[in-house]
$ cat model_3.tsv   # TSV, C-alpha atoms
chain	number	residue	atom	x	y	z
A	9	MET	CA	31.68	-21.83	10.63
A	10	ARG	CA	33.14	-21.22	14.08
A	11	ALA	CA	31.02	-19.01	16.39
A	12	ALA	CA	31.23	-17.90	20.00
A	13	PHE	CA	29.26	-15.90	22.55
A	14	ALA	CA	30.72	-12.61	23.80
A	15	MET	CA	28.94	-11.07	26.80
A	16	ASN	CA	29.29	-10.89	30.55
A	17	THR	CA	28.25	-13.84	32.69
A	18	THR	CA	25.09	-12.18	33.98
A	19	SER	CA	23.81	-11.53	30.46
A	20	PHE	CA	24.77	-15.02	29.33
A	21	GLU	CA	22.78	-16.59	32.16
A	22	ARG	CA	19.79	-14.36	31.37
A	23	VAL	CA	19.54	-14.81	27.63
A	24	VAL	CA	21.29	-18.04	26.62
A	25	ASP	CA	19.50	-21.29	27.34
A	26	GLU	CA	19.90	-24.83	26.04
A	27	ARG	CA	17.24	-24.29	23.39
A	28	LEU	CA	19.18	-21.38	21.88
A	29	ALA	CA	22.53	-23.16	22.04
A	30	GLU	CA	21.14	-26.27	20.36
A	31	ARG	CA	19.52	-24.17	17.64
A	32	LEU	CA	22.77	-22.33	16.91
A	33	GLN	CA	24.74	-25.56	16.83
A	34	ARG	CA	22.62	-26.72	13.90
A	35	SER	CA	24.11	-23.87	11.84
A	36	VAL	CA	27.56	-23.23	13.30
A	37	ASP	CA	30.38	-24.84	15.25
A	38	LEU	CA	29.60	-23.14	18.56
A	39	VAL	CA	31.92	-22.42	21.49
A	40	ARG	CA	29.54	-22.78	24.42
A	41	GLU	CA	31.58	-20.93	27.07
A	42	PRO	CA	31.01	-17.16	26.74
A	43	LEU	CA	33.87	-14.72	26.25
A	44	ALA	CA	33.40	-12.29	29.14
A	45	GLU	CA	36.77	-10.69	28.31
A	46	PHE	CA	39.18	-10.81	25.40
A	47	ALA	CA	42.56	-10.62	27.12
A	48	SER	CA	43.15	-14.12	28.46
A	49	PRO	CA	45.06	-16.76	26.49
A	50	GLN	CA	41.90	-18.87	26.32
A	51	ALA	CA	39.91	-15.97	24.85
A	52	ARG	CA	42.67	-15.16	22.38
A	53	ALA	CA	42.69	-18.77	21.22
A	54	VAL	CA	38.95	-18.61	20.51
A	55	LEU	CA	39.25	-15.24	18.77
A	56	ALA	CA	42.00	-16.54	16.51
A	57	ASP	CA	39.58	-19.03	14.99
A	58	VAL	CA	36.14	-17.44	15.32
A	59	GLU	CA	34.17	-16.23	12.28
A	60	LEU	CA	31.04	-15.00	14.04
A	61	LEU	CA	30.41	-13.51	17.47
A	62	VAL	CA	27.00	-13.57	19.15
A	63	THR	CA	27.19	-10.63	21.51
A	64	GLY	CA	24.97	-9.39	24.33
A	65	TRP	CA	24.84	-6.88	27.16
A	66	GLY	CA	28.26	-6.48	28.73
A	67	CYS	CA	30.17	-7.56	25.65
A	68	PRO	CA	33.83	-6.44	25.89
A	69	VAL	CA	34.73	-3.66	23.48
A	70	LEU	CA	35.87	-4.81	20.06
A	71	THR	CA	38.94	-2.60	20.00
A	72	PRO	CA	41.38	-2.50	17.06
A	73	GLU	CA	43.62	-4.89	19.02
A	74	VAL	CA	40.79	-7.36	19.55
A	75	VAL	CA	39.70	-7.18	15.93
A	76	ALA	CA	43.30	-7.76	14.81
A	77	SER	CA	43.45	-10.85	17.02
A	78	ALA	CA	40.36	-12.25	15.23
A	79	PRO	CA	41.57	-12.43	11.61
A	80	ARG	CA	38.73	-14.70	10.51
A	81	LEU	CA	35.91	-12.70	12.11
A	82	ARG	CA	33.26	-11.83	9.51
A	83	ALA	CA	30.12	-11.03	11.49
A	84	VAL	CA	28.78	-9.75	14.84
A	85	VAL	CA	25.20	-10.63	15.78
A	86	HIS	CA	24.02	-8.64	18.81
A	87	ALA	CA	21.28	-10.31	20.85
A	88	ALA	CA	20.24	-6.95	22.31
A	89	GLY	CA	19.69	-3.38	21.14
A	90	SER	CA	22.41	-0.80	20.65
A	91	VAL	CA	25.84	-1.88	19.39
A	92	ARG	CA	27.41	1.47	20.29
A	93	HIS	CA	29.03	0.16	23.45
A	94	HIS	CA	31.14	-2.58	21.89
A	95	VAL	CA	31.34	-2.14	18.10
A	96	THR	CA	34.14	0.26	17.17
A	97	GLY	CA	35.48	1.73	13.95
A	98	ALA	CA	37.85	-1.19	13.64
A	99	VAL	CA	34.88	-3.48	13.02
A	100	TRP	CA	33.55	-1.29	10.23
A	101	ASP	CA	37.00	-0.74	8.76
A	102	ARG	CA	37.41	-4.50	8.37
A	103	GLY	CA	34.04	-4.79	6.64
A	104	ILE	CA	32.67	-7.04	9.37
A	105	ALA	CA	28.87	-7.38	9.05
A	106	VAL	CA	26.85	-6.30	12.10
A	107	SER	CA	23.28	-7.18	13.07
A	108	SER	CA	21.20	-6.16	16.09
A	109	ALA	CA	18.02	-7.33	17.79
A	110	ALA	CA	17.02	-3.69	18.37
A	111	ALA	CA	13.80	-4.18	16.41
A	112	ALA	CA	12.79	-7.07	18.67
A	113	ASN	CA	13.64	-5.05	21.77
A	114	ALA	CA	11.58	-2.10	20.50
A	115	LEU	CA	8.29	-3.97	20.90
A	116	PRO	CA	8.16	-4.28	24.72
A	117	VAL	CA	9.28	-0.66	25.06
A	118	ALA	CA	6.46	0.39	22.74
A	119	GLU	CA	3.96	-1.79	24.62
A	120	TYR	CA	5.00	-0.21	27.94
A	121	THR	CA	4.70	3.25	26.39
A	122	VAL	CA	1.22	2.66	25.02
A	123	ALA	CA	0.06	1.27	28.37
A	124	MET	CA	1.34	4.41	30.08
A	125	VAL	CA	-0.21	6.69	27.44
A	126	LEU	CA	-3.63	5.18	28.14
A	127	LEU	CA	-3.18	5.30	31.91
A	128	ALA	CA	-2.05	8.91	31.68
A	129	GLY	CA	-5.15	9.77	29.69
A	130	LYS	CA	-7.26	8.41	32.55
A	131	ASN	CA	-5.32	10.51	35.11
A	132	VAL	CA	-4.52	7.30	36.93
A	133	LEU	CA	-1.71	8.72	39.08
A	134	ALA	CA	-3.89	11.50	40.47
A	135	ALA	CA	-6.94	9.26	40.81
A	136	ALA	CA	-4.99	6.58	42.69
A	137	ASP	CA	-3.55	9.19	45.04
A	138	ALA	CA	-6.97	10.74	45.70
A	139	TYR	CA	-8.55	7.32	46.21
A	140	ARG	CA	-5.87	6.41	48.73
A	141	ALA	CA	-6.44	9.65	50.62
A	142	GLN	CA	-10.25	9.74	50.49
A	143	ARG	CA	-11.14	6.02	50.63
A	144	SER	CA	-14.19	7.04	48.58
A	145	ARG	CA	-15.38	6.76	45.00
A	146	ALA	CA	-15.57	10.52	45.01
A	147	ALA	CA	-11.94	10.25	43.93
A	148	THR	CA	-13.15	9.41	40.42
A	149	ARG	CA	-13.87	13.11	39.98
A	150	VAL	CA	-10.12	13.62	39.64
A	151	SER	CA	-10.35	11.94	36.25
A	152	ASP	CA	-13.34	13.95	35.01
A	153	THR	CA	-11.09	16.31	33.06
A	154	GLY	CA	-9.20	13.44	31.43
A	155	GLY	CA	-10.01	10.58	29.11
A	156	ASN	CA	-8.64	9.02	25.93
A	157	HIS	CA	-11.37	10.14	23.54
A	158	GLY	CA	-9.62	12.38	21.04
A	159	ALA	CA	-6.65	13.13	23.30
A	160	THR	CA	-3.43	14.24	21.65
A	161	VAL	CA	-0.25	12.20	21.98
A	162	GLY	CA	3.06	13.72	20.92
A	163	VAL	CA	5.82	11.33	19.88
A	164	LEU	CA	9.33	12.75	19.90
A	165	SER	CA	11.24	10.86	17.18
A	166	ALA	CA	10.06	8.22	14.75
A	167	SER	CA	12.81	5.87	15.93
A	168	LEU	CA	12.43	2.09	15.98
A	169	VAL	CA	10.50	2.36	19.24
A	170	GLY	CA	8.68	5.50	18.16
A	171	ARG	CA	7.39	3.75	15.03
A	172	ARG	CA	6.20	0.74	17.03
A	173	VAL	CA	4.38	3.13	19.36
A	174	LEU	CA	2.65	4.73	16.36
A	175	GLU	CA	1.66	1.29	15.10
A	176	LEU	CA	0.22	0.22	18.46
A	177	LEU	CA	-1.66	3.50	18.95
A	178	ARG	CA	-3.62	3.17	15.70
A	179	PRO	CA	-6.65	1.28	17.13
A	180	PHE	CA	-7.26	3.98	19.75
A	181	ASP	CA	-9.27	7.16	19.40
A	182	LEU	CA	-6.26	9.44	19.74
A	183	HIS	CA	-4.70	12.17	17.66
A	184	VAL	CA	-0.99	11.52	17.24
A	185	LEU	CA	1.71	14.07	16.46
A	186	VAL	CA	5.33	13.34	15.56
A	187	HIS	CA	8.43	15.50	15.51
A	188	ASP	CA	11.45	14.03	13.77
A	189	PRO	CA	13.64	16.30	11.61
A	190	PHE	CA	15.10	13.27	9.78
A	191	VAL	CA	11.77	11.80	8.64
A	192	PRO	CA	9.86	13.44	5.76
A	193	GLY	CA	6.33	14.61	6.45
A	194	ASP	CA	4.77	12.19	3.96
A	195	VAL	CA	6.43	9.28	5.77
A	196	VAL	CA	5.09	10.51	9.12
A	197	ARG	CA	1.60	10.80	7.64
A	198	ALA	CA	1.91	7.27	6.23
A	199	LEU	CA	2.66	6.15	9.79
A	200	GLY	CA	-0.69	7.57	10.85
A	201	ALA	CA	0.53	10.76	12.51
A	202	GLU	CA	0.71	14.49	11.90
A	203	PRO	CA	4.21	15.94	11.41
A	204	VAL	CA	4.86	19.04	13.52
A	205	GLY	CA	7.73	21.15	14.80
A	206	LEU	CA	9.22	20.55	18.21
A	207	ALA	CA	7.58	23.55	19.89
A	208	GLU	CA	4.18	22.65	18.47
A	209	LEU	CA	4.60	19.06	19.60
A	210	ALA	CA	4.98	20.24	23.19
A	211	GLU	CA	2.20	22.83	23.02
A	212	ARG	CA	-0.46	20.48	21.64
A	213	SER	CA	0.31	17.25	23.50
A	214	ASP	CA	-1.72	15.89	26.37
A	215	VAL	CA	0.91	13.15	26.59
A	216	PHE	CA	4.46	13.83	25.39
A	217	SER	CA	6.45	10.64	24.80
A	218	VAL	CA	10.23	10.72	24.33
A	219	HIS	CA	11.81	8.22	21.92
A	220	THR	CA	14.94	10.12	20.89
A	221	PRO	CA	18.31	8.31	21.04
A	222	LEU	CA	20.90	9.92	23.29
A	223	LEU	CA	23.42	11.64	21.04
A	224	PRO	CA	25.62	14.67	21.71
A	225	GLU	CA	23.08	16.88	19.94
A	226	THR	CA	20.07	15.41	21.77
A	227	ARG	CA	21.43	15.63	25.31
A	228	GLY	CA	19.09	17.99	27.16
A	229	LEU	CA	16.92	18.39	24.06
A	230	VAL	CA	13.82	18.50	26.24
A	231	ASP	CA	14.92	21.58	28.17
A	232	ALA	CA	13.24	24.15	30.43
A	233	PRO	CA	11.78	26.28	27.59
A	234	LEU	CA	10.33	23.20	25.89
A	235	LEU	CA	8.90	21.82	29.12
A	236	ALA	CA	7.33	25.21	29.78
A	237	ARG	CA	5.40	24.84	26.51
A	238	LEU	CA	3.65	21.70	27.76
A	239	ARG	CA	0.09	22.41	28.81
A	240	ASP	CA	-0.85	22.27	32.49
A	241	GLY	CA	-1.60	18.69	33.53
A	242	ALA	CA	0.28	17.13	30.60
A	243	THR	CA	2.21	13.91	31.15
A	244	LEU	CA	5.77	13.36	29.99
A	245	ILE	CA	6.77	9.75	29.34
A	246	ASN	CA	10.44	8.88	28.92
A	247	THR	CA	11.45	5.36	27.89
A	248	ALA	CA	14.46	6.51	25.84
A	249	ARG	CA	17.40	7.85	27.85
A	250	GLY	CA	17.20	10.04	30.92
A	251	ALA	CA	19.69	12.62	29.68
A	252	VAL	CA	17.53	13.54	26.67
A	253	VAL	CA	15.49	15.49	29.23
A	254	ASP	CA	17.11	18.23	31.30
A	255	PRO	CA	16.87	16.70	34.81
A	256	ALA	CA	16.89	19.97	36.75
A	257	ALA	CA	14.25	21.54	34.54
A	258	LEU	CA	12.04	18.45	34.74
A	259	THR	CA	12.39	18.24	38.51
A	260	ALA	CA	11.36	21.88	38.86
A	261	GLU	CA	8.25	21.35	36.75
A	262	LEU	CA	7.28	18.21	38.62
A	263	LEU	CA	7.82	19.81	42.03
A	264	SER	CA	5.47	22.61	40.98
A	265	GLY	CA	2.78	20.01	40.30
A	266	ARG	CA	2.10	21.48	36.87
A	267	LEU	CA	3.15	18.34	34.97
A	268	ASN	CA	3.03	14.59	35.48
A	269	ALA	CA	5.71	12.14	34.47
A	270	VAL	CA	6.25	8.44	33.82
A	271	LEU	CA	9.99	7.85	33.92
A	272	ASP	CA	11.46	4.46	33.13
A	273	VAL	CA	14.83	6.17	32.64
A	274	THR	CA	16.39	9.06	34.54
A	275	ASP	CA	19.59	11.06	34.69
A	276	PRO	CA	21.38	9.80	36.70
A	277	GLU	CA	20.06	6.27	36.85
A	278	PRO	CA	19.02	5.43	39.46
A	279	LEU	CA	18.19	8.80	40.97
A	280	PRO	CA	19.99	9.83	44.16
A	281	ILE	CA	18.22	8.51	47.23
A	282	ASP	CA	17.38	12.07	48.30
A	283	SER	CA	15.82	13.05	44.96
A	284	PRO	CA	12.38	14.57	45.56
A	285	LEU	CA	11.00	12.62	42.60
A	286	TRP	CA	10.85	9.45	44.68
A	287	ASP	CA	8.07	10.92	46.81
A	288	LEU	CA	6.01	12.89	44.29
A	289	THR	CA	2.54	11.50	43.64
A	290	ASN	CA	2.52	12.99	40.12
A	291	VAL	CA	5.56	10.88	39.14
A	292	LEU	CA	5.75	7.19	38.36
A	293	LEU	CA	9.30	5.89	38.49
A	294	THR	CA	10.10	2.42	37.16
A	295	PRO	CA	13.55	0.78	37.17
A	296	HIS	CA	14.29	0.57	33.43
A	297	VAL	CA	11.76	-2.22	32.90
A	298	ALA	CA	10.27	-1.13	29.57
A	299	GLY	CA	12.80	-3.13	27.56
A	300	SER	CA	12.91	-6.90	27.24
A	301	LEU	CA	12.55	-8.80	30.50
A	302	GLY	CA	11.68	-12.36	31.47
A	303	ASN	CA	10.10	-14.31	28.63
A	304	GLU	CA	10.47	-11.25	26.34
A	305	LEU	CA	14.19	-12.02	26.15
A	306	ARG	CA	13.30	-14.92	23.90
A	307	ARG	CA	12.41	-12.44	21.16
A	308	LEU	CA	16.00	-11.18	21.26
A	309	THR	CA	17.55	-14.63	21.12
A	310	ASP	CA	15.15	-15.77	18.39
A	311	SER	CA	16.10	-12.71	16.35
A	312	ALA	CA	19.81	-13.40	16.87
A	313	ALA	CA	19.40	-17.08	16.01
A	314	GLN	CA	17.60	-16.22	12.77
A	315	GLU	CA	20.43	-13.87	11.83
A	316	VAL	CA	23.06	-16.52	12.53
A	317	GLU	CA	21.12	-18.98	10.39
A	318	ARG	CA	20.85	-16.46	7.56
A	319	PHE	CA	24.56	-15.67	7.67
A	320	ALA	CA	25.53	-19.35	7.77
A	321	ALA	CA	23.33	-19.93	4.71
A	322	GLY	CA	25.02	-17.10	2.81
A	323	LEU	CA	22.04	-14.74	3.09
A	324	PRO	CA	22.20	-11.06	4.10
A	325	PHE	CA	21.09	-10.05	7.58
A	326	ALA	CA	17.43	-9.18	8.03
A	327	HIS	CA	18.37	-6.52	10.61
A	328	PRO	CA	21.74	-5.11	9.57
A	329	VAL	CA	23.34	-2.17	11.35
A	330	ALA	CA	24.87	0.35	8.95
A	331	HIS	CA	27.80	2.40	10.19
A	332	PRO	CA	26.48	5.79	9.00
A	333	ALA	CA	23.13	5.14	10.70
A	334	LEU	CA	24.82	5.04	14.11
A	335	SER	CA	25.13	8.83	14.02
A	336	ARG	CA	21.34	9.03	14.45
A	337	THR	CA	20.43	5.85	16.31
A	338	ALA	CA	20.81	4.54	19.84
$ encode --input "model_3.tsv" --output "structure tokens"
Amino acid sequence: MRAAFAMNTTSFERVVDERLAERLQRSVDLVREPLAEFASPQARAVLADVELLVTGWGCPVLTPEVVASAPRLRAVVHAAGSVRHHVTGAVWDRGIAVSSAAAANALPVAEYTVAMVLLAGKNVLAAADAYRAQRSRAATRVSDTGGNHGATVGVLSASLVGRRVLELLRPFDLHVLVHDPFVPGDVVRALGAEPVGLAELAERSDVFSVHTPLLPETRGLVDAPLLARLRDGATLINTARGAVVDPAALTAELLSGRLNAVLDVTDPEPLPIDSPLWDLTNVLLTPHVAGSLGNELRRLTDSAAQEVERFAAGLPFAHPVAHPALSRTA
């Protein structure tokens, strides 16, 4: 079976090492040079013969023209999360099987989220700011109204990441709420959480964590009225997509000092250099680091390699992507 990589050079250098290439070559006839574009004669020659593409960040779009130029293509294995940016209707129309390492990428995002939930419960942002200003242990008094004993964490969407967050939160003495209109209440309860409506999620949460995929209907879902329902001193964590939260409404709340925020994603991303959020002590901004980085990338490539091995052996994918599911996933 002929296989090739399809991703930009930066992604290839980040995620593909000799160990991965050698592992893949035990299952497939692998083209080692990545396809960073599909238009050149060299790329077209590879596409004409390829049966499986291992894609990554920066993969060129699999347009109808590209799919037509790959008559033998039977599978796309994505060594990253969302396939929305490169898999088109032409892929589904041809019945090409698609797999994603989204489940593997969900774990570091969930780990980051849980770390921030626990830090938020300890009022770490305010305590660190007070400690810096006072140079005295009297700053610990800032955290006297906080703590993680019985605190309430609201999870917006039982997505792949949201479910991993629920799993990782189980050992802690927290009460967890979930709002997800697509997940039945009994399933939410089986995940160890209490199902609630969106307004109630905001009103009861000490920490409100966003895990909703960015879809037309979820853009600005966390708007000014919903933010206003958050209790004073609550912390909003966003590791999903910045545009799920109304940026103007969030900025207004954070400028007032009423809320805290941990934002690994923003809208736009990065924020303009004159955004007031850069300088607010009640805001922690991180540069989209919750997802797989460094040695965590190996989880993605291991997942992709396992899928290639399964497909080469005639087995179904362990992590298939279904076309209808894309209407509700990242």
$ residues_around --input "model_3.tsv" --residues "Asn156 in chain A" --least-positions-apart "6" --cutoff "7 Å" --atoms "all atoms listed in the file" --output "list in words"
Leu126, Gly129, Lys130, Asp181 and Leu182 of chain A
$ closest_atom_pairs --input "model_3.tsv" --of "range 307-334 of chain A" --to "range 62-79 of chain A" --cutoff "9 Å" --atoms "only C-alpha atoms" --output "tab-separated table"
residue	atom	partner	partner_atom	distance
A:Ala312	CA	A:Val62	CA	7.5
A:Ala313	CA	A:Val62	CA	8.9
A:Val316	CA	A:Val62	CA	8.2
$ closest_atom_pairs --input "model_3.tsv" --of "range 83-191 of chain A" --to "range 285-293 of chain A" --cutoff "8 Å" --atoms "all atoms listed in the file" --output "tab-separated table"
residue	atom	partner	partner_atom	distance
A:Leu133	CA	A:Asn290	CA	6.1
A:Ala134	CA	A:Asn290	CA	6.6
A:Asp137	CA	A:Thr289	CA	6.7
$ residues_around --input "model_3.tsv" --residues "Ala51 in chain A" --least-positions-apart "4" --cutoff "12 Å" --atoms "all atoms listed in the file" --output "JSON, numbers by chain"
{"A": [12, 13, 14, 39, 41, 42, 43, 44, 45, 46, 47, 55, 56, 57, 58, 68, 74, 77, 78]}
$ closest_residue --input "model_3.tsv" --among "A:His157, A:His187, A:Arg10, A:Arg227" --to "Glu208 in chain A" --atoms "only C-alpha atoms"
A:His187
$ closest_residue --input "model_3.tsv" --among "A:Ile104, A:Val297, A:Ala330, A:Arg306" --to "Asp272 in chain A" --atoms "all atoms listed in the file"
A:Val297
$ closest_residue --input "model_3.tsv" --among "A:Ala110, A:Gly162, A:Leu271, A:Arg197" --to "Val91 in chain A" --atoms "only C-alpha atoms"
A:Ala110
$ decode --input "model_3.tsv" --residues "range 219-250 of chain A" --atoms "N, CA and C atoms" --output "mmCIF file, in the first residue's frame"
data_model
loop_
_atom_site.group_PDB
_atom_site.id
_atom_site.type_symbol
_atom_site.label_atom_id
_atom_site.label_comp_id
_atom_site.auth_asym_id
_atom_site.auth_seq_id
_atom_site.Cartn_x
_atom_site.Cartn_y
_atom_site.Cartn_z
ATOM 1 N N HIS A 219 -15.593 24.305 26.495
ATOM 2 C CA HIS A 219 -15.080 23.225 25.654
ATOM 3 C C HIS A 219 -15.960 23.009 24.435
ATOM 4 N N THR A 220 -16.623 24.059 23.993
ATOM 5 C CA THR A 220 -17.541 23.993 22.860
ATOM 6 C C THR A 220 -16.790 24.209 21.550
ATOM 7 N N PRO A 221 -16.993 23.360 20.542
ATOM 8 C CA PRO A 221 -16.367 23.610 19.237
ATOM 9 C C PRO A 221 -16.935 24.882 18.614
ATOM 10 N N LEU A 222 -16.136 25.538 17.808
ATOM 11 C CA LEU A 222 -16.585 26.752 17.131
ATOM 12 C C LEU A 222 -17.354 26.365 15.873
ATOM 13 N N LEU A 223 -18.661 26.586 15.921
ATOM 14 C CA LEU A 223 -19.566 26.341 14.817
ATOM 15 C C LEU A 223 -20.365 27.621 14.595
ATOM 16 N N PRO A 224 -21.029 27.759 13.461
ATOM 17 C CA PRO A 224 -21.817 28.985 13.255
ATOM 18 C C PRO A 224 -22.774 29.282 14.408
ATOM 19 N N GLU A 225 -23.379 28.226 14.955
ATOM 20 C CA GLU A 225 -24.354 28.437 16.024
ATOM 21 C C GLU A 225 -23.727 28.630 17.398
ATOM 22 N N THR A 226 -22.414 28.367 17.540
ATOM 23 C CA THR A 226 -21.774 28.574 18.842
ATOM 24 C C THR A 226 -20.908 29.826 18.878
ATOM 25 N N ARG A 227 -20.767 30.512 17.767
ATOM 26 C CA ARG A 227 -19.982 31.753 17.775
ATOM 27 C C ARG A 227 -20.673 32.772 18.698
ATOM 28 N N GLY A 228 -19.942 33.278 19.675
ATOM 29 C CA GLY A 228 -20.518 34.229 20.618
ATOM 30 C C GLY A 228 -21.524 33.623 21.577
ATOM 31 N N LEU A 229 -21.510 32.300 21.719
ATOM 32 C CA LEU A 229 -22.453 31.629 22.614
ATOM 33 C C LEU A 229 -22.347 32.167 24.037
ATOM 34 N N VAL A 230 -21.119 32.370 24.493
ATOM 35 C CA VAL A 230 -20.911 32.944 25.822
ATOM 36 C C VAL A 230 -20.925 34.456 25.641
ATOM 37 N N ASP A 231 -22.125 35.026 25.735
ATOM 38 C CA ASP A 231 -22.328 36.441 25.426
ATOM 39 C C ASP A 231 -22.470 37.276 26.697
ATOM 40 N N ALA A 232 -22.769 38.554 26.538
ATOM 41 C CA ALA A 232 -22.850 39.460 27.684
ATOM 42 C C ALA A 232 -23.882 39.009 28.712
ATOM 43 N N PRO A 233 -25.113 38.635 28.307
ATOM 44 C CA PRO A 233 -26.080 38.188 29.313
ATOM 45 C C PRO A 233 -25.613 36.949 30.080
ATOM 46 N N LEU A 234 -24.956 36.020 29.387
ATOM 47 C CA LEU A 234 -24.488 34.816 30.073
ATOM 48 C C LEU A 234 -23.337 35.157 31.022
ATOM 49 N N LEU A 235 -22.413 35.975 30.570
ATOM 50 C CA LEU A 235 -21.310 36.382 31.438
ATOM 51 C C LEU A 235 -21.820 37.106 32.674
ATOM 52 N N ALA A 236 -22.882 37.882 32.503
ATOM 53 C CA ALA A 236 -23.456 38.614 33.635
ATOM 54 C C ALA A 236 -24.020 37.673 34.694
ATOM 55 N N ARG A 237 -24.365 36.452 34.289
ATOM 56 C CA ARG A 237 -24.895 35.473 35.243
ATOM 57 C C ARG A 237 -23.803 34.843 36.104
ATOM 58 N N LEU A 238 -22.549 34.927 35.673
ATOM 59 C CA LEU A 238 -21.467 34.378 36.479
ATOM 60 C C LEU A 238 -21.369 35.143 37.786
ATOM 61 N N ARG A 239 -21.114 34.419 38.863
ATOM 62 C CA ARG A 239 -21.025 35.065 40.174
ATOM 63 C C ARG A 239 -19.760 35.914 40.266
ATOM 64 N N ASP A 240 -19.792 36.924 41.104
ATOM 65 C CA ASP A 240 -18.620 37.776 41.310
ATOM 66 C C ASP A 240 -17.432 36.921 41.749
ATOM 67 N N GLY A 241 -16.281 37.161 41.125
ATOM 68 C CA GLY A 241 -15.077 36.423 41.470
ATOM 69 C C GLY A 241 -14.923 35.094 40.746
ATOM 70 N N ALA A 242 -15.893 34.730 39.903
ATOM 71 C CA ALA A 242 -15.782 33.479 39.152
ATOM 72 C C ALA A 242 -14.660 33.580 38.120
ATOM 73 N N THR A 243 -14.154 32.431 37.719
ATOM 74 C CA THR A 243 -13.087 32.368 36.713
ATOM 75 C C THR A 243 -13.606 31.672 35.465
ATOM 76 N N LEU A 244 -13.412 32.299 34.323
ATOM 77 C CA LEU A 244 -13.726 31.691 33.036
ATOM 78 C C LEU A 244 -12.445 31.141 32.434
ATOM 79 N N ILE A 245 -12.478 29.883 32.040
ATOM 80 C CA ILE A 245 -11.342 29.249 31.362
ATOM 81 C C ILE A 245 -11.777 28.925 29.944
ATOM 82 N N ASN A 246 -10.974 29.328 28.966
ATOM 83 C CA ASN A 246 -11.289 28.992 27.579
ATOM 84 C C ASN A 246 -10.085 28.335 26.924
ATOM 85 N N THR A 247 -10.232 27.030 26.636
ATOM 86 C CA THR A 247 -9.210 26.295 25.880
ATOM 87 C C THR A 247 -9.799 25.777 24.577
ATOM 88 N N ALA A 248 -10.994 26.270 24.208
ATOM 89 C CA ALA A 248 -11.672 25.796 23.000
ATOM 90 C C ALA A 248 -11.304 26.679 21.819
ATOM 91 N N ARG A 249 -12.125 27.658 21.533
ATOM 92 C CA ARG A 249 -11.852 28.649 20.495
ATOM 93 C C ARG A 249 -12.286 30.006 21.026
ATOM 94 N N GLY A 250 -11.482 31.031 20.729
ATOM 95 C CA GLY A 250 -11.749 32.345 21.282
ATOM 96 C C GLY A 250 -13.112 32.890 20.929
#
